[in-house]
>>> print(open('run-v1.cif').read())   # mmCIF, C-alpha atoms
data_work
loop_
_atom_site.label_atom_id
_atom_site.label_comp_id
_atom_site.auth_asym_id
_atom_site.auth_seq_id
_atom_site.Cartn_x
_atom_site.Cartn_y
_atom_site.Cartn_z
CA MET A 1 22.20 -4.46 7.11
CA MET A 2 19.98 -7.25 5.78
CA LYS A 3 20.62 -9.34 8.89
CA LYS A 4 19.44 -6.52 11.11
CA LEU A 5 16.23 -6.05 9.14
CA HIS A 6 15.47 -9.76 8.96
CA ILE A 7 15.96 -10.21 12.72
CA TYR A 8 13.99 -7.04 13.34
CA LEU A 9 10.97 -8.23 11.38
CA ALA A 10 11.17 -11.71 12.85
CA CYS A 11 11.24 -10.25 16.37
CA ARG A 12 8.27 -8.04 15.56
CA TRP A 13 6.20 -11.04 14.46
CA ALA A 14 7.34 -13.09 17.44
CA ILE A 15 6.40 -10.37 19.90
CA TRP A 16 2.98 -9.78 18.36
CA ILE A 17 2.11 -13.45 18.34
CA SER A 18 3.60 -14.51 21.69
CA LEU A 19 2.57 -11.48 23.76
CA LEU A 20 -0.59 -10.30 22.04
CA GLY A 21 -1.86 -13.61 20.66
CA PRO A 22 -3.44 -14.56 24.02
CA LEU A 23 -5.37 -11.29 23.94
CA PHE A 24 -6.80 -12.27 20.56
CA ALA A 25 -7.74 -15.67 21.94
CA LEU A 26 -9.55 -14.03 24.81
CA GLY A 27 -11.34 -11.79 22.34
CA ALA A 28 -12.42 -14.80 20.29
CA HIS A 29 -13.73 -16.95 23.11
CA GLY A 30 -15.16 -14.35 25.45
CA GLN A 31 -15.03 -13.89 29.22
CA THR A 32 -17.19 -14.47 32.28
CA ASN A 33 -20.59 -12.91 32.88
CA ALA A 34 -19.09 -10.49 35.37
CA TYR A 35 -16.66 -9.37 32.71
CA SER A 36 -19.42 -8.95 30.14
CA GLU A 37 -21.18 -6.53 32.47
CA THR A 38 -18.16 -4.22 32.59
CA TYR A 39 -17.16 -4.25 28.94
CA ARG A 40 -19.19 -4.43 25.79
CA THR A 41 -17.93 -4.48 22.23
CA TRP A 42 -19.20 -1.52 20.21
CA PRO A 43 -18.57 -1.96 16.50
CA THR A 44 -17.70 1.20 14.63
CA ASN A 45 -19.34 2.51 11.52
CA SER A 46 -18.66 0.55 8.36
CA TYR A 47 -17.56 1.61 4.90
CA TRP A 48 -21.20 2.25 3.97
CA THR A 49 -22.20 5.05 6.31
CA MET A 50 -25.61 5.74 7.74
CA LEU A 51 -25.39 9.44 6.89
CA GLU A 52 -26.57 10.98 3.65
CA ARG A 53 -23.81 11.74 1.17
CA SER A 54 -23.62 15.04 -0.61
CA PRO A 55 -24.53 14.72 -4.32
CA ASP A 56 -21.10 16.14 -5.22
CA SER A 57 -19.14 13.74 -2.97
CA TYR A 58 -17.05 12.44 -5.86
CA ASP A 59 -17.11 15.37 -8.27
CA THR A 60 -13.44 15.75 -7.37
CA PRO A 61 -12.35 12.07 -7.35
CA TYR A 62 -9.02 12.61 -5.58
CA LYS A 63 -10.30 14.93 -2.90
CA ILE A 64 -8.82 13.92 0.47
CA THR A 65 -11.15 13.84 3.48
CA LEU A 66 -8.84 11.87 5.76
CA PHE A 67 -8.31 14.88 8.04
CA ASN A 68 -11.75 16.37 7.48
CA PRO A 69 -14.39 13.60 7.58
CA GLN A 70 -17.51 14.63 5.68
CA ASN A 71 -19.57 11.48 5.22
CA GLY A 72 -19.66 9.84 8.63
CA GLU A 73 -16.11 8.44 8.68
CA ASP A 74 -15.07 7.51 12.21
CA SER A 75 -11.93 9.61 12.68
CA GLN A 76 -11.91 8.82 16.40
CA ARG A 77 -11.56 5.11 15.68
CA ALA A 78 -8.80 5.72 13.13
CA TRP A 79 -6.87 7.94 15.56
CA SER A 80 -7.32 5.45 18.41
CA GLN A 81 -5.95 2.60 16.32
CA THR A 82 -3.11 4.78 15.04
CA LYS A 83 -2.01 5.47 18.60
CA SER A 84 -2.13 1.75 19.34
CA VAL A 85 0.15 1.07 16.33
CA PHE A 86 2.67 3.57 17.74
CA VAL A 87 2.54 1.84 21.13
CA TYR A 88 3.14 -1.59 19.56
CA GLY A 89 6.08 -0.18 17.56
CA LEU A 90 7.66 1.39 20.64
CA GLY A 91 7.24 -1.93 22.45
CA VAL A 92 9.16 -3.73 19.70
CA VAL A 93 11.96 -1.12 19.75
CA ALA A 94 12.21 -1.34 23.55
CA PHE A 95 12.41 -5.13 23.37
CA LEU A 96 15.16 -5.06 20.76
CA ALA A 97 17.08 -2.45 22.75
CA VAL A 98 17.57 -4.84 25.68
CA LEU A 99 18.72 -7.75 23.50
CA PRO A 100 22.47 -8.31 23.06
CA GLU A 101 24.11 -6.75 20.01
CA SER A 102 25.00 -10.23 18.72
CA ALA A 103 21.27 -11.04 18.45
CA THR A 104 20.08 -7.86 16.73
CA GLY A 105 23.13 -6.53 14.90
CA TRP A 106 22.41 -3.07 16.29
CA ASP A 107 25.38 -0.89 17.21
CA THR A 108 24.65 -0.24 20.89
CA GLU A 109 27.68 2.03 21.29
CA SER A 110 26.43 4.66 18.84
CA ASP A 111 23.75 7.20 19.67
CA VAL A 112 20.34 6.03 18.44
CA LEU A 113 19.20 9.46 17.27
CA SER A 114 22.50 10.08 15.48
CA LYS A 115 22.18 6.74 13.70
CA TRP A 116 18.61 7.54 12.70
CA ALA A 117 19.62 10.98 11.38
CA GLU A 118 22.51 9.43 9.44
CA ASN A 119 20.24 6.86 7.78
CA VAL A 120 17.57 9.42 6.92
CA LYS A 121 20.15 11.75 5.39
CA ALA A 122 21.66 8.92 3.31
CA GLY A 123 18.35 7.75 1.84
CA PRO A 124 16.38 6.76 0.06
CA VAL A 125 18.40 4.08 -1.73
CA TRP A 126 17.50 1.07 -3.84
CA ASP A 127 18.04 -1.83 -1.46
CA HIS A 128 18.74 -5.45 -2.31
CA ASP A 129 17.02 -7.14 0.62
CA ASN A 130 15.35 -10.53 0.33
CA PHE A 131 12.36 -10.62 -2.04
CA ALA A 132 10.04 -11.93 0.68
CA TYR A 133 10.76 -8.99 2.98
CA ASN A 134 10.70 -6.30 0.31
CA TYR A 135 7.61 -7.39 -1.59
CA VAL A 136 5.66 -9.80 0.61
CA GLY A 137 6.31 -8.44 4.09
CA HIS A 138 5.93 -4.78 3.14
CA THR A 139 2.81 -5.53 1.12
CA TYR A 140 1.23 -7.31 4.09
CA PHE A 141 1.98 -4.57 6.59
CA GLY A 142 0.84 -1.95 4.11
CA GLY A 143 -2.47 -3.82 4.06
CA VAL A 144 -2.54 -3.76 7.86
CA TYR A 145 -2.20 0.05 7.86
CA TYR A 146 -4.84 0.29 5.13
CA GLN A 147 -7.38 -1.60 7.23
CA VAL A 148 -7.13 0.96 10.04
CA ALA A 149 -8.64 3.66 7.84
CA ARG A 150 -10.82 1.45 5.64
CA LYS A 151 -12.66 -0.12 8.56
CA SER A 152 -13.09 3.32 10.10
CA GLY A 153 -15.39 4.25 7.25
CA TYR A 154 -12.95 5.90 4.82
CA ARG A 155 -13.11 5.33 1.08
CA GLN A 156 -10.26 3.62 -0.73
CA TRP A 157 -8.37 6.76 -1.75
CA ASP A 158 -8.28 8.15 1.80
CA SER A 159 -7.25 4.74 3.13
CA PHE A 160 -4.38 4.70 0.62
CA ILE A 161 -3.27 8.17 1.74
CA TYR A 162 -3.33 6.93 5.35
CA THR A 163 -1.24 3.89 4.35
CA PHE A 164 1.26 6.12 2.54
CA LEU A 165 1.66 8.40 5.57
CA MET A 166 2.06 5.54 8.04
CA SER A 167 4.42 3.45 5.89
CA THR A 168 6.55 6.46 4.98
CA PHE A 169 6.82 8.53 8.15
CA TYR A 170 6.03 6.06 10.93
CA TRP A 171 7.89 3.05 9.51
CA GLU A 172 10.35 3.81 6.68
CA TYR A 173 11.59 7.17 7.99
CA GLY A 174 10.72 6.33 11.59
CA VAL A 175 11.15 2.95 13.23
CA GLU A 176 13.00 1.19 10.40
CA ALA A 177 15.41 4.12 9.93
CA LEU A 178 16.85 3.18 13.34
CA ALA A 179 18.23 0.05 11.68
CA GLU A 180 18.77 0.89 8.00
CA ILE A 181 18.62 3.53 5.30
CA PRO A 182 15.11 4.14 3.89
CA SER A 183 14.40 2.12 0.74
CA VAL A 184 13.13 3.47 -2.59
CA GLN A 185 11.04 0.43 -3.47
CA ASP A 186 9.64 0.11 0.06
CA LEU A 187 8.30 3.66 -0.19
CA ALA A 188 6.27 2.59 -3.25
CA VAL A 189 5.51 -1.08 -2.58
CA THR A 190 4.16 -0.70 0.96
CA PRO A 191 1.35 1.79 0.19
CA LEU A 192 0.57 0.67 -3.38
CA LEU A 193 0.54 -3.11 -3.05
CA GLY A 194 -0.62 -2.64 0.55
CA TRP A 195 -3.70 -0.93 -0.90
CA VAL A 196 -4.32 -3.87 -3.24
CA TYR A 197 -3.85 -6.49 -0.52
CA GLY A 198 -5.63 -4.43 2.13
CA GLU A 199 -8.78 -4.05 0.03
CA TRP A 200 -8.71 -7.77 -0.72
CA ALA A 201 -8.37 -8.53 3.00
CA TYR A 202 -11.19 -6.12 3.80
CA GLN A 203 -13.54 -7.86 1.36
CA LYS A 204 -12.49 -11.30 2.62
CA GLU A 205 -13.28 -10.27 6.17
CA LEU A 206 -16.72 -9.10 5.08
CA LYS A 207 -17.40 -12.56 3.65
CA LEU A 208 -16.09 -14.31 6.76
CA ARG A 209 -18.36 -12.21 8.96
CA GLU A 210 -21.31 -13.11 6.77
CA GLN A 211 -20.41 -16.78 7.37
CA ASN A 212 -20.57 -16.25 11.15
CA GLY A 213 -16.78 -16.07 11.32
CA GLU A 214 -16.26 -19.60 10.02
CA ALA A 215 -13.63 -20.65 7.46
CA LEU A 216 -14.09 -24.05 5.82
CA GLY A 217 -16.77 -24.73 8.42
CA SER A 218 -14.35 -24.16 11.32
CA LYS A 219 -14.69 -21.39 13.88
CA THR A 220 -11.04 -21.83 14.89
CA LEU A 221 -9.81 -21.37 11.33
CA GLY A 222 -12.17 -18.41 11.05
CA ASN A 223 -10.66 -16.75 14.14
CA ILE A 224 -7.13 -17.31 12.88
CA SER A 225 -8.07 -15.92 9.46
CA LEU A 226 -9.70 -12.84 10.96
CA PHE A 227 -6.60 -12.19 13.07
CA LEU A 228 -4.24 -12.48 10.10
CA LEU A 229 -6.48 -10.34 7.88
CA ASP A 230 -6.45 -7.51 10.40
CA PRO A 231 -4.16 -8.07 13.42
CA ILE A 232 -4.40 -4.45 14.61
CA ASP A 233 -8.15 -4.62 15.08
CA SER A 234 -7.99 -8.12 16.60
CA ILE A 235 -5.31 -7.05 19.08
CA GLY A 236 -7.30 -3.93 19.94
CA ARG A 237 -10.36 -6.01 20.76
CA GLY A 238 -8.20 -8.37 22.81
CA VAL A 239 -6.68 -5.49 24.78
CA ASN A 240 -10.16 -4.16 25.53
CA ARG A 241 -11.40 -7.52 26.73
CA VAL A 242 -8.44 -8.02 29.06
CA ALA A 243 -8.68 -4.45 30.37
CA GLY A 244 -12.46 -4.67 30.78
CA ARG A 245 -12.89 -1.31 29.10
CA GLN A 246 -12.49 0.30 25.69
CA TRP A 247 -8.88 1.44 25.57
CA VAL A 248 -8.77 1.03 21.79
CA LYS A 249 -11.69 1.81 19.52
CA ALA A 250 -11.93 -1.48 17.66
CA GLY A 251 -14.52 -3.59 15.92
CA HIS A 252 -16.60 -3.21 12.79
CA GLY A 253 -20.12 -3.61 11.46
CA TYR A 254 -20.85 -5.89 8.52
CA PHE A 255 -23.75 -6.58 6.19
CA SER A 256 -24.67 -7.98 2.81
CA TYR A 257 -25.97 -5.98 -0.13
CA THR A 258 -27.31 -6.27 -3.66
CA ALA A 259 -26.93 -3.66 -6.40
CA ALA A 260 -29.48 -2.64 -9.02
CA PRO A 261 -27.86 -0.68 -11.91
CA VAL A 262 -29.59 2.30 -13.45
CA GLU A 263 -29.82 3.26 -17.10
CA ASP A 264 -26.64 5.35 -17.47
CA ASN A 265 -24.45 2.58 -15.94
CA THR A 266 -22.60 5.06 -13.72
CA ASP A 267 -24.78 4.93 -10.60
CA HIS A 268 -26.57 2.08 -8.91
CA THR A 269 -29.01 1.60 -6.08
CA VAL A 270 -27.67 -0.51 -3.24
CA TYR A 271 -30.02 -2.49 -0.99
CA LEU A 272 -28.45 -3.17 2.36
CA ASN A 273 -29.40 -6.00 4.68
CA LEU A 274 -27.79 -5.45 8.05
CA LYS A 275 -26.91 -8.65 9.86
CA VAL A 276 -25.13 -7.11 12.86
CA PRO A 277 -25.44 -3.74 14.67
CA ILE A 278 -23.56 -0.84 13.15
CA GLY A 279 -22.61 2.22 15.17
CA GLY A 280 -19.76 4.70 15.47
CA SER A 281 -17.75 5.81 18.45
CA TYR A 282 -19.98 8.86 18.47
CA GLY A 283 -23.33 7.41 17.37
CA PRO A 284 -26.03 4.97 18.50
CA GLU A 285 -26.35 1.36 17.48
CA ILE A 286 -28.64 0.66 14.52
CA HIS A 287 -30.56 -2.57 14.41
CA GLU A 288 -32.99 -2.10 11.53
CA PRO A 289 -32.16 -2.90 7.89
CA VAL A 290 -31.88 0.21 5.75
CA GLN A 291 -31.70 1.11 2.09
CA ILE A 292 -29.48 3.86 0.71
CA ASP A 293 -28.48 5.16 -2.70
CA TYR A 294 -24.74 5.08 -3.30
CA ARG A 295 -22.61 6.25 -6.22
CA ASN A 296 -19.65 4.04 -7.11
CA ASP A 297 -16.36 5.33 -5.75
CA PRO A 298 -14.38 6.12 -8.92
CA VAL A 299 -11.04 5.71 -7.15
CA ASN A 300 -10.32 2.08 -6.32
CA THR A 301 -7.55 -0.50 -6.75
CA GLY A 302 -8.17 -0.35 -10.50
CA ILE A 303 -5.86 2.67 -10.70
CA VAL A 304 -2.92 0.60 -9.41
CA GLY A 305 -0.94 -1.01 -12.22
CA ILE A 306 2.15 -3.14 -12.65
CA SER A 307 4.07 -3.92 -15.85
CA LEU A 308 6.72 -6.45 -16.84
CA GLY A 309 8.91 -6.35 -19.92
CA GLY A 310 12.38 -5.83 -21.29
CA GLY A 311 14.40 -4.09 -23.92
CA GLN A 312 17.76 -2.81 -25.12
CA THR A 313 20.01 -0.18 -23.56
CA ASN A 314 22.48 1.99 -25.46
CA PRO A 315 24.73 3.54 -22.79
CA ASP A 316 26.93 6.56 -23.34
CA LYS A 317 30.58 5.82 -24.21
CA GLU A 318 31.54 7.55 -20.96
CA TRP A 319 30.47 4.44 -19.04
CA GLY A 320 32.79 2.15 -21.00
CA VAL A 321 30.25 -0.67 -21.39
CA ASP A 322 28.67 -2.33 -24.41
CA ASP A 323 25.00 -2.26 -25.45
CA SER A 324 22.97 -4.91 -23.67
CA SER A 325 19.50 -6.24 -23.02
CA TYR A 326 17.65 -5.68 -19.74
CA LYS A 327 14.48 -6.55 -17.86
CA LYS A 328 12.06 -3.91 -16.62
CA ILE A 329 9.27 -3.68 -14.05
CA THR A 330 7.06 -0.73 -13.12
CA LEU A 331 4.56 -0.08 -10.34
CA GLY A 332 2.37 2.98 -10.30
CA LEU A 333 -0.91 4.83 -10.34
CA TYR A 334 -2.96 5.34 -13.50
CA PHE A 335 -4.89 8.35 -12.24
CA SER A 336 -6.97 8.65 -15.42
CA PRO A 337 -6.73 7.69 -19.10
CA ARG A 338 -4.73 10.93 -19.43
CA ILE A 339 -2.16 10.77 -16.59
CA SER A 340 -0.10 8.10 -14.82
CA SER A 341 2.88 8.12 -12.49
CA ARG A 342 5.14 5.08 -12.08
CA LEU A 343 8.25 3.82 -10.34
CA SER A 344 10.34 2.06 -12.99
CA TYR A 345 13.22 -0.35 -12.41
CA ALA A 346 15.45 -1.84 -15.14
CA TRP A 347 18.30 -4.28 -14.59
CA GLY A 348 20.66 -6.44 -16.60
CA ASP A 349 24.30 -7.39 -17.22
CA ALA A 350 26.54 -5.43 -19.57
CA ASP A 351 30.09 -6.18 -20.74
CA VAL A 352 32.90 -3.79 -19.84
CA LEU A 353 34.58 -2.81 -23.14
CA ALA A 354 38.10 -2.76 -21.69
CA THR A 355 38.02 -6.18 -20.01
CA GLY A 356 35.05 -8.04 -21.45
CA LEU A 357 33.89 -8.82 -17.89
CA PRO A 358 30.18 -8.47 -17.03
CA VAL A 359 28.94 -5.67 -14.79
CA ARG A 360 25.47 -5.39 -13.24
CA TYR A 361 23.46 -2.45 -14.57
CA GLU A 362 20.49 -0.96 -12.66
CA ASN A 363 18.30 2.03 -13.46
CA TYR A 364 15.37 3.23 -11.36
CA SER A 365 13.27 6.35 -11.78
CA LEU A 366 10.00 8.04 -10.90
CA ASP A 367 8.23 9.01 -14.13
CA THR A 368 5.02 10.74 -15.16
CA GLN A 369 3.19 9.96 -18.42
CA CYS A 370 0.73 12.11 -20.34
CA TYR A 371 -1.40 10.16 -22.86
CA PHE A 372 -3.08 11.46 -26.00
CA ASN A 373 -5.98 10.16 -28.08
CA ILE A 374 -7.41 8.80 -24.82
CA LYS A 375 -10.80 7.80 -26.25
CA ARG A 376 -9.15 5.20 -28.45
CA LYS A 377 -7.29 2.00 -27.63
CA LEU A 378 -4.03 3.15 -29.27
CA ARG A 379 -2.63 6.07 -27.27
CA PRO A 380 0.74 7.79 -27.79
CA PHE A 381 2.29 9.36 -24.71
CA VAL A 382 5.19 11.48 -23.50
CA SER A 383 7.13 10.60 -20.36
CA ALA A 384 9.49 12.52 -18.07
CA GLY A 385 11.04 11.96 -14.66
CA PHE A 386 14.18 11.53 -12.60
CA GLY A 387 16.10 8.77 -10.87
CA GLU A 388 19.47 7.08 -10.55
CA GLN A 389 21.71 4.64 -12.38
CA MET A 390 23.88 2.17 -10.47
CA TRP A 391 26.68 -0.27 -11.31
CA ASP A 392 27.43 -3.54 -9.49
CA LYS A 393 24.87 -2.82 -6.74
CA ASP A 394 27.28 -0.25 -5.30
CA ASN A 395 25.74 2.95 -3.95
CA ASP A 396 29.12 4.65 -4.41
CA MET A 397 28.83 3.96 -8.16
CA LYS A 398 25.53 5.65 -8.90
CA ASP A 399 24.58 8.84 -10.73
CA PHE A 400 21.51 11.07 -10.71
CA LEU A 401 19.65 11.12 -14.05
CA LEU A 402 16.87 13.11 -15.66
CA ASN A 403 14.81 11.37 -18.33
CA ALA A 404 12.33 12.13 -21.09
CA GLY A 405 10.91 10.16 -23.98
CA LEU A 406 8.00 8.91 -26.08
CA GLY A 407 5.87 5.79 -26.10
CA ILE A 408 2.74 4.05 -27.35
CA HIS A 409 0.07 2.39 -25.22
CA TYR A 410 -2.45 -0.11 -26.58
CA GLN A 411 -5.42 -0.97 -24.36
CA ILE A 412 -6.35 -4.63 -24.95
CA HIS A 413 -8.83 -4.94 -22.09
CA ASN A 414 -9.83 -2.85 -19.10
CA LYS A 415 -7.19 -4.77 -17.10
CA TRP A 416 -4.54 -5.48 -19.75
CA ALA A 417 -2.49 -3.31 -22.11
CA LEU A 418 0.68 -3.42 -24.21
CA GLN A 419 3.22 -0.63 -24.06
CA ALA A 420 6.45 0.33 -25.84
CA ASP A 421 8.68 3.32 -25.11
CA TRP A 422 11.93 5.02 -26.03
CA ILE A 423 13.41 6.94 -23.11
CA ASN A 424 16.51 9.14 -23.00
CA TYR A 425 18.48 9.50 -19.75
CA PHE A 426 20.73 12.50 -19.02
CA SER A 427 23.39 12.89 -16.33
CA THR A 428 24.09 16.57 -15.71
CA ALA A 429 27.12 15.72 -13.56
CA LYS A 430 28.91 13.61 -16.20
CA ASP A 431 27.21 15.01 -19.31
CA THR A 432 26.11 11.56 -20.51
CA HIS A 433 23.20 10.53 -22.72
CA ASP A 434 21.81 6.97 -22.55
CA GLN A 435 18.88 5.48 -24.45
CA LEU A 436 16.58 2.67 -23.31
CA MET A 437 14.00 1.04 -25.58
CA SER A 438 11.51 -1.38 -24.05
CA ALA A 439 8.23 -3.26 -24.53
CA SER A 440 6.00 -4.30 -21.62
CA ILE A 441 2.66 -5.82 -20.73
CA VAL A 442 0.61 -3.81 -18.24
CA TYR A 443 -1.81 -5.27 -15.68
CA ARG A 444 -4.30 -3.18 -13.71
CA PHE A 445 -5.63 -4.49 -10.40
CA GLY A 446 -9.26 -4.45 -9.28
CA ARG A 447 -11.63 -3.77 -12.15
CA GLY A 448 -8.96 -2.01 -14.16
CA GLU A 449 -9.48 1.09 -16.25
CA HIS A 450 -12.81 2.81 -15.87
CA ARG A 451 -14.23 6.18 -16.81
CA ASP A 452 -16.46 7.25 -13.94
CA TRP A 453 -15.38 10.87 -14.21
#
>>> encode(input="run-v1.cif", output="structure tokens")
Amino acid sequence: MMKKLHIYLACRWAIWISLLGPLFALGAHGQTNAYSETYRTWPTNSYWTMLERSPDSYDTPYKITLFNPQNGEDSQRAWSQTKSVFVYGLGVVAFLAVLPESATGWDTESDVLSKWAENVKAGPVWDHDNFAYNYVGHTYFGGVYYQVARKSGYRQWDSFIYTFLMSTFYWEYGVEALAEIPSVQDLAVTPLLGWVYGEWAYQKELKLREQNGEALGSKTLGNISLFLLDPIDSIGRGVNRVAGRQWVKAGHGYFSYTAAPVEDNTDHTVYLNLKVPIGGSYGPEIHEPVQIDYRNDPVNTGIVGISLGGGQTNPDKEWGVDDSSYKKITLGLYFSPRISSRLSYAWGDADVLATGLPVRYENYSLDTQCYFNIKRKLRPFVSAGFGEQMWDKDNDMKDFLLNAGLGIHYQIHNKWALQADWINYFSTAKDTHDQLMSASIVYRFGRGEHRDW
């Protein structure tokens, strides 16, 4: 299974670079005068739109406008790039389909749709693929999806929702399900860490554009950096240049800005200095600098948090193993000082009572926390959720568990906190009761905790 995924991802990179790389190069260096007369790059609207925002735009912070643009977001650009992503994915699948089974590991004798249905029905499971693929590769491609929406004018929350939809239904339960069972951690890592990386890449691209596309004083390094930061957009521009027409709505407008805070520290006036034309797929180009008032988006990467820690597990006697220590990691969304939702994973080695031999213990769950005393740094909370417990990395040795417990959260800084909890796990099938006690340090990305609503 791992071999198939590794080869699959390697082939995807190889195809993109070898077949579509030349298109990027053409996009970077331009074409002849005759070509320029038939095709012209039209950048789309940027994150800061030229339309007036409603005063109540962010009264409901988690309102989703992805399917109902209300502030000038370029839905046509987002849809155009989404279709191009589907085309690239189908191209990769078609390429792999003609390779010998020895090269891909795919079972060519079984029906593709039946294999896909079998994998979808069996998942999601906690996989044990290579760290680089699970946490680096999926984070990167999550950021690639994120850029499609972000550079089409959508705010961070809508761009995250887009990333979640693409990574879940297009990739995890779509293309990748042809090769393997959907993965629990991939479903969380791709959109969440993809959001964090994607926003970083978006901001880095802004800076590169302000530097005339140069990195370390080199235009070549700048072009390579821009391609890696957003390959979908770069490929789209390359396709358009080769075709001599706009098959894919690609491109972006960039500018610099300065912010002047107001007295209540919640709003600020933003002065924009446009350095390049900005226009949408449905609007005219704008050449003159403008000034607009803009309220800070309360939903940003600061709501994404990760924690690391460890503790002690007291398993039910039914399992026949001794108490043991474990390590724990969580990744989730801290929606407000009141509510958070996290994917938790604990692992360690326990001794079998009958033989004294070690056995690998794993516990993963999706939990929701409700915090109290939220105006203070020390906040007690209750937690509840569901998940599975596994022994020796064997999916045939796992059990469904419900959980509930108590904890305490201490906010050290807007980006750092300490947390301790005592969680009880219940298996309704085997009537077991396990207890896990842990302590962790929590890190929030972006600017961390804030109270803009």
>>> closest_residue(input="run-v1.cif", among="A:Asn71, A:Arg447, A:Asp434, A:Trp116", to="Ile181 of chain A", atoms="all atoms listed in the file")
A:Trp116
>>> resolve_selection(input="run-v1.cif", expression="the PyMOL selection byres ((chain A and resi 122-124) around 10)", output="PyMOL selection string")
chain A and resi 116-121+125-127+172-173+177+180-187
>>> residues_around(input="run-v1.cif", residues="segment 345-361 of chain A", least_positions_apart="3", cutoff="9 Å", atoms="all atoms listed in the file", output="compact mmCIF listing (two decimals) with C-alpha atoms, in the coordinates of the input")
# COMPACT_ATOMS: atom_id res chain seq x y z
CA GLY A 310 12.38 -5.83 -21.29
CA TRP A 319 30.47 4.44 -19.04
CA GLY A 320 32.79 2.15 -21.00
CA VAL A 321 30.25 -0.67 -21.39
CA ASP A 322 28.67 -2.33 -24.41
CA ASP A 323 25.00 -2.26 -25.45
CA SER A 324 22.97 -4.91 -23.67
CA SER A 325 19.50 -6.24 -23.02
CA TYR A 326 17.65 -5.68 -19.74
CA LYS A 327 14.48 -6.55 -17.86
CA LYS A 328 12.06 -3.91 -16.62
CA ILE A 329 9.27 -3.68 -14.05
CA THR A 330 7.06 -0.73 -13.12
CA LEU A 331 4.56 -0.08 -10.34
CA TYR A 364 15.37 3.23 -11.36
CA SER A 365 13.27 6.35 -11.78
CA GLN A 389 21.71 4.64 -12.38
CA MET A 390 23.88 2.17 -10.47
CA TRP A 391 26.68 -0.27 -11.31
CA ASP A 392 27.43 -3.54 -9.49
CA LYS A 393 24.87 -2.82 -6.74
>>> resolve_selection(input="run-v1.cif", expression="the PyMOL selection byres ((chain A and resi 163) around 8)", output="PDB file with C-alpha atoms, in the coordinates of the input")
ATOM      1  CA  GLY A 142       0.840  -1.950   4.110  1.00  0.00           C
ATOM      2  CA  GLY A 143      -2.470  -3.820   4.060  1.00  0.00           C
ATOM      3  CA  TYR A 145      -2.200   0.050   7.860  1.00  0.00           C
ATOM      4  CA  TYR A 146      -4.840   0.290   5.130  1.00  0.00           C
ATOM      5  CA  SER A 159      -7.250   4.740   3.130  1.00  0.00           C
ATOM      6  CA  PHE A 160      -4.380   4.700   0.620  1.00  0.00           C
ATOM      7  CA  ILE A 161      -3.270   8.170   1.740  1.00  0.00           C
ATOM      8  CA  TYR A 162      -3.330   6.930   5.350  1.00  0.00           C
ATOM      9  CA  PHE A 164       1.260   6.120   2.540  1.00  0.00           C
ATOM     10  CA  LEU A 165       1.660   8.400   5.570  1.00  0.00           C
ATOM     11  CA  MET A 166       2.060   5.540   8.040  1.00  0.00           C
ATOM     12  CA  SER A 167       4.420   3.450   5.890  1.00  0.00           C
ATOM     13  CA  THR A 190       4.160  -0.700   0.960  1.00  0.00           C
ATOM     14  CA  PRO A 191       1.350   1.790   0.190  1.00  0.00           C
ATOM     15  CA  GLY A 194      -0.620  -2.640   0.550  1.00  0.00           C
ATOM     16  CA  TRP A 195      -3.700  -0.930  -0.900  1.00  0.00           C
TER      17      TRP A 195
END
>>> atom_distance(input="run-v1.cif", atom1="atom CA of Asp421 of chain A", atom2="atom CA of Glu362 of chain A")
17.7 Å
>>> axis_aligned_box(input="run-v1.cif", around="segment 350-353 of chain A", padding_each_side="5 Å", output="JSON")
{"center_x": 30.6, "center_y": -4.5, "center_z": -21.4, "size_x": 18.0, "size_y": 13.4, "size_z": 13.6}
>>> resolve_selection(input="run-v1.cif", expression="the PyMOL selection byres ((chain A and resi 399-405) around 9)", output="PyMOL selection string")
chain A and resi 365+367+381-390+396-398+406-407+421-430
>>> closest_residue(input="run-v1.cif", among="A:Leu229, A:Ala132, A:Ala243, A:Ile374", to="Tyr410 of chain A", atoms="only C-alpha atoms")
A:Ile374
>>> residues_around(input="run-v1.cif", residues="Arg338 of chain A", least_positions_apart="3", cutoff="8 Å", atoms="all atoms listed in the file", output="PyMOL selection string")
chain A and resi 335+370-372+374
>>> write_last_selection(input="run-v1.cif", atoms="C-alpha atoms", output="PDB file, in the coordinates of the input")
ATOM      1  CA  PHE A 335      -4.890   8.350 -12.240  1.00  0.00           C
ATOM      2  CA  CYS A 370       0.730  12.110 -20.340  1.00  0.00           C
ATOM      3  CA  TYR A 371      -1.400  10.160 -22.860  1.00  0.00           C
ATOM      4  CA  PHE A 372      -3.080  11.460 -26.000  1.00  0.00           C
ATOM      5  CA  ILE A 374      -7.410   8.800 -24.820  1.00  0.00           C
TER       6      ILE A 374
END
